[in-house]
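To keep things clear, I will list the structure first and then write my remarks on it.
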Amino acid sequence: MLTLGFTIGSFVLSATTLPLGIFMDHFGPRPTRLVGSACFAASCTLMALASRDTKVLSPLIFLALSLNGFGGICLTFSSLTLPNMFGNLSSTVMALMIGSYASSAITFPVIKLIYNAGVSFTVIMFTWSGLACLIFLNCALNWPSEAFPAPEEANYKKKIKLTGLALDHKVTGDRFYTHVTIVGQRLSQKTPSMEGDDLYISSQDVGDTSENPREKSVPFRKSLCSPIFLWSLLTMGITQLRIIFYMAAMNKMLEYLVTGGQEHETVDLKQKAAKTVEFYSYIFGAMQLLCLLTCPLIGYIMDWRIKDCVDSPTEGIALKDASDGVATKSVRPRYRKTQKLTNAIKAFTLTNFLLVTFGITCLINNLPLQFMTFVLHTVVRGFYHSACGGLYAAVFPSNHFGTLTGLQSLISAVSALLQQPLFMAMVGPLKGDPFWVNLGLLLVSLLGFLLPSYLFYYRTRLQREHTTDWEGPLKAPGSIDL
């Protein structure tokens, strides 16, 4: 019964992200965050009031828990747009935020220790409500009304010669150009009336190329039906099912490792199994802090060498001219979109490799080995969310991010519902033996390598296009190789 409740709760929590994503894409993260922090503060206050007279006010607990779950997911979801403020480190910051969310379970043992030390539950809840009010105040004062745009999505206003800029300042043209580009994006978003100032640089204007109106607004249908998004749905659904099933069936798996099956259970073995499960469950809960410590690694992989990249061949030529003054040799630039795809391939390959290793350790009936299984589970749990968020932020427009993430979360939640019949099969016909279920999930998890395989194919196609774009304009008759 508890497993069924866990399944339904996990589904509802993930399913609410779709309407939240649609709401956030239309109105921005600020209203979502204000509503979330208000609901969270109200839930903590209701819990504090209900604890004073449980016999009379206990029905408030159901309303409080509903507000708590809704407010928490609003705060988490609205935070995913904040990393766009950090430019080339956006994936690292996003991974850090997802890791903090995934490791938040560690706060409950801390609260329990505080409660056992003599602090009343009412005081704890009112304190938590006060912290939620600070979040509300911070959002009202500091968060902008519009969504945070990705650096490459902002509009530029004026042309400026990079060669003259490089000569006037004692900095390399590359770094100075990149810095001013990012600042120009921030200013152009907030102060469009400053069109008279020559502060904004356009990588397209530098090369005297015309803007492509189709790049300004990508239809949502195109993002929704893109192969990258469809393959990510398959990968995330499989990974979510694997992770959720282990969390739901972990106690039964540990019991089987101690007792050897239902037919071998005795009173002493049951007592030993109960103590073992309690100890290992405590260790598993404490290890959730690893999400916060390991998630920045996958973000660092997603941000690898992004700052050294350019958006177009003309930008690469301009940067070369600005730094050297005279172009003397043809140097093929590193393109930002290609580098993002390369980083995503590495991130998903590493995540899927760890997921397969996790599935292998689940097949081995060795109790001490489960500590490694706990570590792998915790790391994969943080990695695949961070890698997926970084991929969506890198490939799709920022105004589609919320809806796509919410839809992916909803479909992953639907696939995770399969863990309930798998659990019933394990405790029923299989008599508690998890081997065949784990083996089936291990084989299915191999399909996760299809996403990085497609990303590799897509990157190869982009590299061919970039090679043509790079060599075409530079190989014109009478021109000098750059």
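By convention in this document, the chains of the structure tokens carry letters A, B, ... by their order, each chain's residues are numbered from 1, and ligands are numbered from 1 in the order they are shown.
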
Worksheet entry | Tyr280 in chain A environment, 9 Å, only C-alpha atoms, sequence neighbours closer than 5 positions dropped, as an MDAnalysis selection string | chainID A and resid 251 254 275 285 370:371

Determine, counting only C-alpha atoms, which protein, DNA and RNA residues have an atom within 7 Å of an atom of range 363-368 of chain A; residues of the same chain fewer than 3 positions away are not included. Present the result as a short mmCIF file (atom, residue, chain, number, x, y, z; two decimals) with N, CA and C atoms, in the first residue's frame.
data_model
loop_
_atom_site.label_atom_id
_atom_site.label_comp_id
_atom_site.auth_asym_id
_atom_site.auth_seq_id
_atom_site.Cartn_x
_atom_site.Cartn_y
_atom_site.Cartn_z
N LEU A 257 18.08 -10.09 0.35
CA LEU A 257 19.50 -10.37 0.51
C LEU A 257 19.81 -10.96 1.88
N GLY A 359 22.72 -1.02 -12.73
CA GLY A 359 21.90 -2.20 -12.97
C GLY A 359 22.65 -3.50 -12.75
N ILE A 360 23.95 -3.51 -13.06
CA ILE A 360 24.76 -4.72 -12.85
C ILE A 360 24.95 -4.99 -11.36
N PHE A 371 26.30 -0.64 -0.91
CA PHE A 371 26.78 0.73 -0.68
C PHE A 371 27.18 1.37 -2.01
N PHE A 435 15.80 -10.53 -9.16
CA PHE A 435 16.79 -10.74 -10.21
C PHE A 435 16.20 -10.50 -11.60
N ASN A 438 15.25 -6.88 -12.28
CA ASN A 438 16.46 -6.06 -12.46
C ASN A 438 17.15 -6.36 -13.79
N LEU A 439 17.13 -7.62 -14.20
CA LEU A 439 17.74 -7.99 -15.47
C LEU A 439 16.97 -7.35 -16.64
#

Worksheet item: Got a sec: who's within 10 Å of Leu63 in chain A, counting only C-alpha atoms, leaving out chain neighbours fewer than 6 positions off, as an MDAnalysis selection string?
Response: chainID A and resid 42:43 46:47

Discussion item. Residues within 8 Å of Lys272 in chain A, please, as a PyMOL selection string. Count only C-alpha atoms; anything in the same chain fewer than 4 positions from it doesn't count.
Written reply: chain A and resi 258+268+276

Worksheet item: Can you tell me, as a list of chain:residue names, what residues are no more than 8 Å from range 73-77 of chain A when counting only C-alpha atoms, ignoring any on the same chain fewer than 4 positions away?
Response: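 The residues satisfying every condition are A:Leu13, A:Thr17, A:Leu20, A:Gly21, A:Thr32, A:Arg33, A:Val35, A:Gly36, A:Ser37, A:Gly69, A:Tyr101, A:Gly402.
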
Keeping N, CA and C atoms for every residue in the selection just given, could you write it to a file as a short mmCIF file (atom, residue, chain, number, x, y, z; two decimals), in the first residue's frame?
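out13.cif written:
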data_model
loop_
_atom_site.label_atom_id
_atom_site.label_comp_id
_atom_site.auth_asym_id
_atom_site.auth_seq_id
_atom_site.Cartn_x
_atom_site.Cartn_y
_atom_site.Cartn_z
N LEU A 13 3.44 14.66 -8.49
CA LEU A 13 4.48 15.69 -8.39
C LEU A 13 5.09 15.99 -9.74
N THR A 17 4.29 19.53 -13.40
CA THR A 17 5.29 20.37 -14.05
C THR A 17 4.85 20.82 -15.44
N LEU A 20 2.68 23.93 -15.11
CA LEU A 20 3.59 24.96 -14.59
C LEU A 20 4.52 25.46 -15.69
N GLY A 21 5.02 24.53 -16.52
CA GLY A 21 5.90 24.93 -17.61
C GLY A 21 5.20 25.82 -18.61
N THR A 32 5.25 32.60 -11.09
CA THR A 32 5.30 31.22 -10.60
C THR A 32 6.00 31.14 -9.26
N ARG A 33 7.09 31.86 -9.13
CA ARG A 33 7.85 31.83 -7.87
C ARG A 33 7.10 32.54 -6.74
N VAL A 35 3.82 32.74 -6.39
CA VAL A 35 2.75 31.82 -5.96
C VAL A 35 3.33 30.65 -5.17
N GLY A 36 4.45 30.11 -5.64
CA GLY A 36 5.06 28.97 -4.95
C GLY A 36 5.52 29.30 -3.55
N SER A 37 6.20 30.43 -3.39
CA SER A 37 6.68 30.80 -2.06
C SER A 37 5.52 31.13 -1.12
N GLY A 69 3.48 20.64 -1.36
CA GLY A 69 3.97 20.02 -2.58
C GLY A 69 3.89 20.94 -3.78
N TYR A 101 18.25 20.42 -5.08
CA TYR A 101 16.87 19.91 -4.98
C TYR A 101 16.86 18.41 -4.70
N GLY A 402 10.29 25.70 -20.41
CA GLY A 402 9.38 25.26 -19.37
C GLY A 402 8.39 24.22 -19.85
#

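Across the structure, CA of Thr361 in chain A and CA of Met253 in chain A are spaced 12.3 Å apart.
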
Fill in: Residue contacts of range 291-293 of chain A (8 Å, only C-alpha atoms) excluding same-chain residues fewer than 6 positions away, as a VMD selection string
chain A and resid 96 98 to 100 102 to 103 378 to 379 381 to 382

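Counting from CA of Phe348 in chain A, the distance to CA of Arg305 in chain A is 17.3 Å.
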
Worksheet entry | Residue nearest Asp53 in chain A - candidates A:Phe23, A:Phe456, A:Thr122, A:Trp436, atoms counted: only C-alpha atoms |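 Closest to Asp53 in chain A of all the choices is A:Thr122.
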
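Comparing the minimum interatomic distances between Ser14 in chain A and each of A:Leu137, A:Val375, A:Ile411, A:Val356, counting only C-alpha atoms, we find that A:Ile411 sits nearest.
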
Item to complete: Measuring atom to atom with only C-alpha atoms, identify which of A:Ile106, A:Ala273, A:Val56, A:Ala344 is nearest to Ala286 in chain A.
Response: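 With only C-alpha atoms as the atom set, the closest residue is A:Ile106.
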
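Separating CA of Gly428 in chain A from CA of Tyr246 in chain A is a distance of 16.9 Å.
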